[in-house]
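Colleague: Got a structure for you, input.txt, holding compact mmCIF, C-alpha atoms.
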# COMPACT_ATOMS: atom_id res chain seq x y z
CA MET A 1 8.79 -29.08 24.35
CA ARG A 2 10.53 -26.70 22.00
CA ILE A 3 8.75 -24.62 19.40
CA LEU A 4 9.88 -21.81 17.13
CA VAL A 5 8.20 -18.51 17.98
CA ASN A 6 8.97 -15.78 15.46
CA GLY A 7 12.11 -17.62 14.43
CA ALA A 8 13.51 -18.20 17.94
CA TRP A 9 13.41 -21.53 19.77
CA ARG A 10 11.44 -21.43 22.98
CA ASP A 11 10.71 -24.00 25.70
CA THR A 12 7.05 -24.17 26.50
CA ALA A 13 4.58 -26.28 28.43
CA ALA A 14 1.68 -24.70 26.55
CA ALA A 15 -0.69 -27.05 24.80
CA ASP A 16 -2.26 -24.56 22.44
CA VAL A 17 -1.58 -21.29 20.60
CA ASP A 18 -3.62 -19.20 23.01
CA THR A 19 -1.53 -20.35 25.97
CA VAL A 20 1.74 -19.70 24.13
CA LEU A 21 0.62 -16.10 23.53
CA LYS A 22 -0.18 -15.65 27.21
CA GLU A 23 3.23 -17.09 28.17
CA MET A 24 4.88 -14.57 25.86
CA GLY A 25 2.92 -11.66 27.31
CA TRP A 26 0.85 -11.15 24.17
CA GLY A 27 -2.47 -12.29 25.64
CA GLU A 28 -4.14 -8.92 25.18
CA SER A 29 -2.09 -7.67 22.23
CA ALA A 30 -3.20 -6.81 18.72
CA VAL A 31 -1.49 -9.73 17.02
CA ALA A 32 -2.32 -12.29 14.37
CA THR A 33 -1.04 -15.84 14.47
CA ALA A 34 0.01 -18.48 11.98
CA LEU A 35 1.02 -22.01 12.93
CA ASN A 36 3.29 -23.83 10.47
CA GLY A 37 2.32 -21.32 7.79
CA GLU A 38 -1.45 -21.59 8.32
CA PHE A 39 -3.45 -18.66 9.68
CA VAL A 40 -4.98 -19.34 13.09
CA PRO A 41 -7.81 -16.87 13.75
CA ALA A 42 -8.04 -15.45 17.26
CA SER A 43 -11.24 -17.41 17.85
CA ALA A 44 -9.46 -20.69 17.02
CA ARG A 45 -6.30 -20.26 19.12
CA ARG A 46 -7.51 -22.20 22.15
CA ALA A 47 -8.40 -25.14 19.95
CA ALA A 48 -5.10 -25.03 18.02
CA PRO A 49 -2.67 -27.54 19.61
CA VAL A 50 1.09 -26.94 19.42
CA ALA A 51 3.57 -29.77 19.07
CA GLU A 52 7.35 -30.19 19.29
CA GLY A 53 9.09 -28.34 16.48
CA ASP A 54 6.07 -26.27 15.44
CA ARG A 55 6.64 -22.86 13.88
CA LEU A 56 4.45 -20.11 15.33
CA GLU A 57 4.41 -16.66 13.76
CA VAL A 58 3.01 -13.82 15.86
CA LEU A 59 2.61 -10.69 13.78
CA ALA A 60 1.73 -7.17 14.87
CA PRO A 61 0.98 -3.86 13.13
CA MET A 62 4.13 -2.27 11.75
CA GLN A 63 5.17 0.57 9.49
CA GLY A 64 4.47 -0.10 5.83
CA GLY A 65 4.51 1.55 2.43
CA MET B 1 -14.12 12.80 -4.59
CA LEU B 2 -12.04 9.68 -4.83
CA LYS B 3 -14.11 6.49 -4.67
CA LEU B 4 -12.26 3.35 -3.61
CA TYR B 5 -14.70 0.46 -3.52
CA ASP B 6 -17.59 1.84 -1.43
CA THR B 7 -15.52 4.51 0.34
CA GLU B 8 -15.49 8.13 -0.76
CA LEU B 9 -12.47 10.24 0.10
CA ARG B 10 -11.67 13.92 -0.31
CA SER B 11 -7.89 13.52 -0.41
CA HIS B 12 -6.24 12.02 -3.48
CA LEU B 13 -3.01 11.36 -1.61
CA LEU B 14 -2.30 8.13 0.24
CA LEU B 15 0.66 8.02 2.60
CA GLY B 16 2.94 5.20 3.74
CA THR B 17 3.99 5.00 7.39
CA SER B 18 7.49 3.57 6.98
CA ARG B 19 10.98 5.08 7.29
CA TYR B 20 10.13 8.24 9.24
CA PRO B 21 12.85 9.51 11.57
CA SER B 22 10.48 9.34 14.56
CA PRO B 23 6.85 8.61 15.45
CA ALA B 24 6.34 12.36 15.91
CA ALA B 25 7.56 12.97 12.35
CA LEU B 26 5.05 10.42 11.06
CA ILE B 27 2.19 12.05 12.96
CA GLU B 28 3.13 15.51 11.67
CA ALA B 29 3.49 14.29 8.09
CA VAL B 30 0.09 12.59 8.12
CA SER B 31 -1.46 15.75 9.51
CA SER B 32 0.11 18.11 6.99
CA SER B 33 -0.58 15.76 4.06
CA GLN B 34 -4.30 15.78 4.92
CA THR B 35 -4.38 12.18 3.79
CA GLU B 36 -7.28 9.96 4.76
CA VAL B 37 -5.55 6.63 4.08
CA VAL B 38 -2.23 5.30 5.36
CA THR B 39 -0.58 2.02 4.49
CA VAL B 40 0.60 -0.36 7.19
CA SER B 41 2.10 -3.83 7.36
CA LEU B 42 2.40 -6.85 9.65
CA ARG B 43 5.72 -7.95 11.06
CA ARG B 44 6.93 -10.18 13.87
CA GLU B 45 6.13 -8.72 17.28
CA SER B 46 9.03 -8.33 19.69
CA SER B 47 8.40 -9.90 23.08
CA GLY B 48 10.21 -7.20 25.06
CA GLU B 49 9.70 -3.92 23.24
CA ARG B 50 6.25 -4.68 21.88
CA ALA B 51 6.96 -2.19 19.12
CA GLY B 52 3.91 -3.21 17.14
CA GLN B 53 1.50 -2.33 19.92
CA GLY B 54 3.03 1.12 20.25
CA PHE B 55 2.87 1.70 16.51
CA TRP B 56 -0.74 0.54 16.34
CA SER B 57 -1.66 2.93 19.12
CA ILE B 58 -0.11 5.81 17.13
CA VAL B 59 -1.90 4.83 13.93
CA ARG B 60 -5.28 4.57 15.64
CA GLY B 61 -4.69 8.07 16.99
CA LEU B 62 -4.29 9.39 13.44
CA GLU B 63 -7.99 8.75 12.78
CA VAL B 64 -7.43 7.75 9.17
CA ARG B 65 -8.25 4.57 7.28
CA VAL B 66 -5.57 1.91 7.10
CA LEU B 67 -4.65 -0.02 3.99
CA PRO B 68 -2.64 -3.08 5.09
CA ASN B 69 -0.08 -4.35 2.60
CA THR B 70 1.45 -7.74 1.93
CA ALA B 71 4.90 -6.24 1.38
CA GLY B 72 7.75 -8.68 1.07
CA CYS B 73 5.57 -11.64 0.14
CA HIS B 74 7.07 -13.64 -2.71
CA SER B 75 4.47 -16.37 -3.04
CA VAL B 76 0.71 -16.55 -3.43
CA LYS B 77 0.37 -18.50 -0.19
CA GLU B 78 2.43 -16.01 1.81
CA ALA B 79 0.42 -13.09 0.43
CA VAL B 80 -2.95 -14.74 1.03
CA THR B 81 -2.04 -15.79 4.58
CA THR B 82 -0.72 -12.30 5.34
CA ALA B 83 -3.95 -10.81 4.03
CA HIS B 84 -5.97 -13.09 6.34
CA MET B 85 -3.85 -12.03 9.30
CA ALA B 86 -4.11 -8.35 8.36
CA ARG B 87 -7.88 -8.50 8.04
CA GLU B 88 -8.12 -9.76 11.59
CA VAL B 89 -5.67 -7.32 13.19
CA PHE B 90 -6.69 -4.20 11.28
CA ALA B 91 -10.40 -5.06 11.04
CA THR B 92 -10.62 -4.09 7.37
CA SER B 93 -11.27 -6.01 4.20
CA TRP B 94 -8.96 -3.67 2.28
CA VAL B 95 -5.62 -5.14 1.29
CA LYS B 96 -2.83 -3.68 -0.82
CA LEU B 97 -1.81 -6.90 -2.47
CA GLU B 98 1.88 -7.22 -3.25
CA VAL B 99 3.45 -10.38 -4.61
CA ILE B 100 7.06 -9.55 -5.33
CA GLY B 101 8.69 -11.28 -8.27
CA GLU B 102 12.15 -9.78 -8.50
CA ASP B 103 14.36 -8.51 -5.71
CA ASP B 104 16.37 -5.79 -7.46
CA THR B 105 13.36 -3.92 -8.81
CA LEU B 106 10.73 -5.25 -6.39
CA GLN B 107 8.70 -5.77 -9.55
CA PRO B 108 5.33 -7.43 -8.96
CA ASP B 109 4.99 -11.10 -9.89
CA VAL B 110 1.86 -10.42 -11.92
CA PHE B 111 1.04 -14.12 -12.35
CA GLY B 112 1.07 -14.69 -8.59
CA LEU B 113 -0.70 -11.38 -8.07
CA LEU B 114 -3.63 -12.42 -10.24
CA GLU B 115 -3.90 -15.81 -8.55
CA ALA B 116 -3.81 -14.26 -5.07
CA ALA B 117 -6.31 -11.57 -6.10
CA ARG B 118 -8.79 -14.20 -7.29
CA ILE B 119 -8.53 -16.09 -4.00
CA LEU B 120 -8.90 -13.01 -1.82
CA ILE B 121 -11.79 -11.51 -3.79
CA GLY B 122 -13.56 -14.84 -3.48
CA GLU B 123 -13.17 -14.47 0.27
CA GLY B 124 -14.67 -10.99 0.37
CA PHE B 125 -11.52 -8.87 0.35
CA GLN B 126 -11.40 -5.51 -1.40
CA VAL B 127 -8.11 -5.89 -3.22
CA PHE B 128 -5.79 -3.03 -4.22
CA PRO B 129 -3.28 -4.85 -6.44
CA TYR B 130 0.24 -3.44 -6.75
CA THR B 131 0.83 -4.08 -10.43
CA THR B 132 2.73 -2.91 -13.48
CA GLU B 133 1.29 -0.82 -16.32
CA ASP B 134 0.67 -3.99 -18.36
CA LEU B 135 -2.76 -3.71 -20.01
CA VAL B 136 -3.44 -7.43 -20.19
CA VAL B 137 -2.64 -7.94 -16.54
CA ALA B 138 -4.87 -4.97 -15.69
CA GLU B 139 -7.71 -6.47 -17.71
CA ARG B 140 -7.36 -9.80 -15.89
CA LEU B 141 -7.23 -8.16 -12.46
CA LEU B 142 -10.40 -6.23 -13.24
CA ALA B 143 -12.08 -9.37 -14.56
CA ALA B 144 -11.12 -11.09 -11.29
CA GLY B 145 -13.05 -8.42 -9.41
CA CYS B 146 -10.47 -5.78 -8.51
CA GLN B 147 -12.14 -2.36 -8.57
CA VAL B 148 -8.93 -0.36 -8.06
CA LEU B 149 -5.49 -0.80 -9.62
CA MET B 150 -2.19 0.42 -8.23
CA PRO B 151 0.34 0.56 -11.07
CA TRP B 152 3.93 1.39 -10.20
CA GLY B 153 5.48 4.67 -11.27
CA ALA B 154 8.99 3.31 -10.81
CA PRO B 155 10.60 0.71 -8.53
CA ILE B 156 9.63 1.10 -4.85
CA GLY B 157 11.75 3.67 -3.06
CA SER B 158 13.63 4.71 -6.20
CA GLY B 159 12.23 8.24 -6.47
CA ARG B 160 12.51 8.13 -10.25
CA GLY B 161 9.03 9.35 -11.09
CA LEU B 162 6.90 7.97 -13.91
CA ASN B 163 9.25 5.57 -15.61
CA ASN B 164 7.03 4.48 -18.49
CA LEU B 165 4.92 7.44 -19.54
CA PHE B 166 3.63 5.75 -22.67
CA GLY B 167 2.52 2.65 -20.79
CA LEU B 168 0.86 4.62 -18.00
CA LYS B 169 -0.98 6.88 -20.46
CA ALA B 170 -2.19 3.79 -22.32
CA LEU B 171 -3.40 2.26 -19.06
CA ARG B 172 -5.32 5.44 -18.20
CA ALA B 173 -6.84 5.61 -21.66
CA HIS B 174 -7.88 1.94 -21.67
CA PHE B 175 -9.65 2.04 -18.33
CA PRO B 176 -11.12 5.53 -18.04
CA GLU B 177 -13.59 4.57 -15.30
CA VAL B 178 -11.31 2.51 -13.04
CA PRO B 179 -9.70 4.22 -10.05
CA LEU B 180 -5.95 4.10 -10.74
CA ILE B 181 -3.47 4.95 -7.99
CA ILE B 182 0.18 5.46 -8.83
CA ASP B 183 2.01 3.44 -6.22
CA ALA B 184 5.74 3.53 -5.77
CA GLY B 185 8.69 5.34 -7.20
CA LEU B 186 7.62 8.97 -6.97
CA GLY B 187 10.40 11.20 -5.64
CA VAL B 188 9.28 14.82 -5.72
CA PRO B 189 5.94 16.66 -5.83
CA SER B 190 6.25 17.39 -9.55
CA HIS B 191 6.08 13.62 -10.17
CA ALA B 192 2.79 13.50 -8.27
CA ALA B 193 1.45 16.52 -10.15
CA GLN B 194 2.38 14.86 -13.43
CA ALA B 195 0.55 11.66 -12.47
CA MET B 196 -2.57 13.65 -11.62
CA GLU B 197 -2.31 15.73 -14.80
CA LEU B 198 -2.30 12.46 -16.77
CA GLY B 199 -5.61 11.61 -15.15
CA PHE B 200 -4.58 9.19 -12.43
CA ASP B 201 -6.96 9.28 -9.50
CA ALA B 202 -4.49 9.30 -6.64
CA VAL B 203 -0.89 8.67 -5.67
CA LEU B 204 0.66 6.73 -2.80
CA ILE B 205 3.81 8.30 -1.38
CA ASN B 206 6.09 7.00 1.33
CA THR B 207 9.87 7.27 1.01
CA ALA B 208 9.77 10.67 -0.71
CA VAL B 209 8.07 12.15 2.34
CA ALA B 210 9.61 10.02 5.10
CA GLU B 211 13.20 10.55 3.95
CA ALA B 212 12.87 14.25 3.20
CA ALA B 213 14.86 16.52 5.50
CA ASP B 214 11.52 17.90 6.72
CA PRO B 215 8.84 15.19 6.24
CA ALA B 216 5.89 17.34 7.34
CA ARG B 217 6.84 20.12 4.94
CA MET B 218 7.33 17.65 2.10
CA ALA B 219 3.98 16.02 2.88
CA ALA B 220 2.31 19.42 2.53
CA ALA B 221 4.17 20.01 -0.74
CA PHE B 222 2.92 16.68 -2.12
CA ALA B 223 -0.63 17.52 -1.03
CA ARG B 224 -0.48 20.79 -2.98
CA ALA B 225 1.05 19.10 -6.01
CA VAL B 226 -1.66 16.43 -6.05
CA GLU B 227 -4.32 19.09 -5.83
CA ALA B 228 -2.66 21.24 -8.52
CA GLY B 229 -2.30 18.28 -10.85
CA ARG B 230 -5.90 17.26 -10.34
CA GLU B 231 -7.17 20.78 -10.94
CA ALA B 232 -5.08 20.96 -14.11
CA ARG B 233 -6.55 17.68 -15.36
CA LEU B 234 -10.07 18.92 -14.71
CA ALA B 235 -9.24 22.22 -16.41
CA GLY B 236 -8.18 20.42 -19.61
CA PRO B 237 -4.50 20.93 -20.44
CA MET B 238 -3.49 22.25 -23.88
CA GLU B 239 -1.90 19.92 -26.43
CA PRO B 240 1.88 20.35 -26.84
CA ARG B 241 3.03 21.56 -30.28
CA ASP B 242 6.29 21.15 -32.10
CA MET B 243 6.62 24.78 -33.25
CA ALA B 244 6.26 28.15 -31.54
CA VAL B 245 2.91 29.92 -31.64
CA PRO B 246 3.01 33.58 -30.52
CA SER B 247 0.91 34.17 -27.46
CA THR B 248 0.71 37.90 -28.09
CA PRO B 249 -1.64 38.82 -30.98
CA VAL B 250 0.09 39.47 -34.31
CA ILE B 251 -2.84 41.54 -35.64
CA GLY B 252 -2.44 45.19 -34.75
CA LYS B 253 1.29 45.05 -34.30
CA ALA B 254 2.90 48.38 -35.20
CA PHE B 255 5.16 48.61 -38.25
CA LEU B 256 8.32 50.11 -36.84
CA GLY B 257 10.91 48.60 -39.16
Could you quickly redo this structure as structure tokens?
Modeller:
Amino acid sequence: MRILVNGAWRDTAAADVDTVLKEMGWGESAVATALNGEFVPASARRAAPVAEGDRLEVLAPMQGG
Amino acid sequence: MLKLYDTELRSHLLLGTSRYPSPAALIEAVSSSQTEVVTVSLRRESSGERAGQGFWSIVRGLEVRVLPNTAGCHSVKEAVTTAHMAREVFATSWVKLEVIGEDDTLQPDVFGLLEAARILIGEGFQVFPYTTEDLVVAERLLAAGCQVLMPWGAPIGSGRGLNNLFGLKALRAHFPEVPLIIDAGLGVPSHAAQAMELGFDAVLINTAVAEAADPARMAAAFARAVEAGREARLAGPMEPRDMAVPSTPVIGKAFLG
């Protein structure tokens, strides 16, 4: 299955957002997630299924003005 | 003291964390500015470098409050979703709400701003709206529940100072009790002093410090200017006059002609 993670296509066997994060090495990171434009709180990631073609945004703290 | 929602702060200077030449330069600038609030954002994490985690570690070490922004958001939905994500990552209900309406000036889309502010306030956020000096928009934002306003001085990053003095003075006069923070467009410390002399409660500086040849030194200069401007406001500045008035007494002057 292919999904878009932060704008790049990625092959994954993960069934949910939480597992995608672990695959990417972000399991313990300070990140926030949005699936297809909808915020997925950390507590809801394991129950958030991913499907072919989904867009996952994984955002982290960055410099800002 | 500066009161922003239920938080009291000694410093009247807020500092952005972007565009510094190095993390060390950011740390030094925050220290010499004596700021208690820095702005931050959310961006895509890189899988290899994990830049965001490193940055977050630096910011936590600064021991200041963070004010997450929704910079770059052009729609209400984007801004609201970004605010939700920021609240989770930064563990704060503060959000500097930006809904950008025009790319050349980065002017706020005040219609979208108001709509997003209403949604977020309804969800318990403490919203710091990046707005213009428009009085009607300010009134609506306050009616929606905003307790702080962040009017622009000039377009973000332009360093032009207070672009619309008349409008900003009118805003200050209309809402004497509302904390008003000049956000964006200040270039040099005299701009910050001027904002404080006009009675604004605080200023937010980023590019002017970060892109100075010596950011830490410039941060200290801004801190002094903010303090000087605030002291001047509290001291009650004189009214300008059109004609000269001799400062040395005329009475008692010798007749030597």
Colleague: As a list in words, please: the residues near segment 105-121 of chain B (cut-off 7 Å, only C-alpha atoms, same-chain neighbours under 6 positions excluded).
Modeller: Ser75, Val76, Val80, Glu98, Val99, Val127, Tyr130, Thr131, Thr132, Val137, Leu141, Ala144, Gly145, Pro155 and Ile156 of chain B
Colleague: I'd like a table as JSON lines: residues in segment 32-115 of chain B with an atom no more than 10 Å from segment 37-49 of chain A, each row giving the shortest atom pair and its distance in Å to one decimal, all atoms listed in the file counted, sorted by chain and rising residue number.
Modeller:
{"residue": "B:Lys77", "atom": "CA", "partner": "A:Gly37", "partner_atom": "CA", "distance": 8.7}
{"residue": "B:Glu78", "atom": "CA", "partner": "A:Gly37", "partner_atom": "CA", "distance": 8.0}
{"residue": "B:Val80", "atom": "CA", "partner": "A:Phe39", "partner_atom": "CA", "distance": 9.5}
{"residue": "B:Thr81", "atom": "CA", "partner": "A:Phe39", "partner_atom": "CA", "distance": 6.0}
{"residue": "B:Thr82", "atom": "CA", "partner": "A:Phe39", "partner_atom": "CA", "distance": 8.2}
{"residue": "B:Ala83", "atom": "CA", "partner": "A:Phe39", "partner_atom": "CA", "distance": 9.7}
{"residue": "B:His84", "atom": "CA", "partner": "A:Phe39", "partner_atom": "CA", "distance": 7.0}
{"residue": "B:Met85", "atom": "CA", "partner": "A:Phe39", "partner_atom": "CA", "distance": 6.7}
{"residue": "B:Glu88", "atom": "CA", "partner": "A:Pro41", "partner_atom": "CA", "distance": 7.4}
{"residue": "B:Val89", "atom": "CA", "partner": "A:Ala42", "partner_atom": "CA", "distance": 9.4}
Colleague: Once you count all atoms listed in the file, which residues of chain A turn out to be within 9 Å of chain B? Could you give them as a list in words?
Modeller: Asn6, Met24, Gly25, Trp26, Ser29, Ala30, Val31, Ala32, Thr33, Ala34, Gly37, Glu38, Phe39, Val40, Pro41, Ala42, Glu57, Val58, Leu59, Ala60, Pro61, Met62, Gln63, Gly64 and Gly65 of chain A
Colleague: Could you give me the centre and size, in Å to one decimal, of an axis-aligned box around all listed atoms of segment 228-245 of chain B with 8 Å added on every side, as AutoDock Vina command-line options?
Modeller:
--center_x -1.7 --center_y 23.6 --center_z -20.9 --size_x 32.7 --size_y 28.7 --size_z 40.7
Colleague: Which neighbours of Ala220 of chain B fall inside 9 Å, counting only C-alpha atoms, when residues of the same chain fewer than 3 positions from it are skipped, and could you give them as a ChimeraX atom specification?
Modeller: /B:29,31-34,215-217,223-225
Colleague: Point out the residue among A:Gly27, A:Arg55, A:Met1, A:Leu35 with the least atom-to-atom distance to Ala14 of chain A, counting only C-alpha atoms.
Modeller: A:Met1
Colleague: Applying 10 Å and all atoms listed in the file, which residues near Ala8 of chain A remain after dropping the ones on its own chain fewer than 5 positions away? List them as a PyMOL selection string.
Modeller: chain A and resi 2-3+55-56
Colleague: If I take atom CA of Asp6 of chain B and atom CA of Leu97 of chain B, how far is one from the other in Å, to one decimal?
Modeller: 18.1 Å
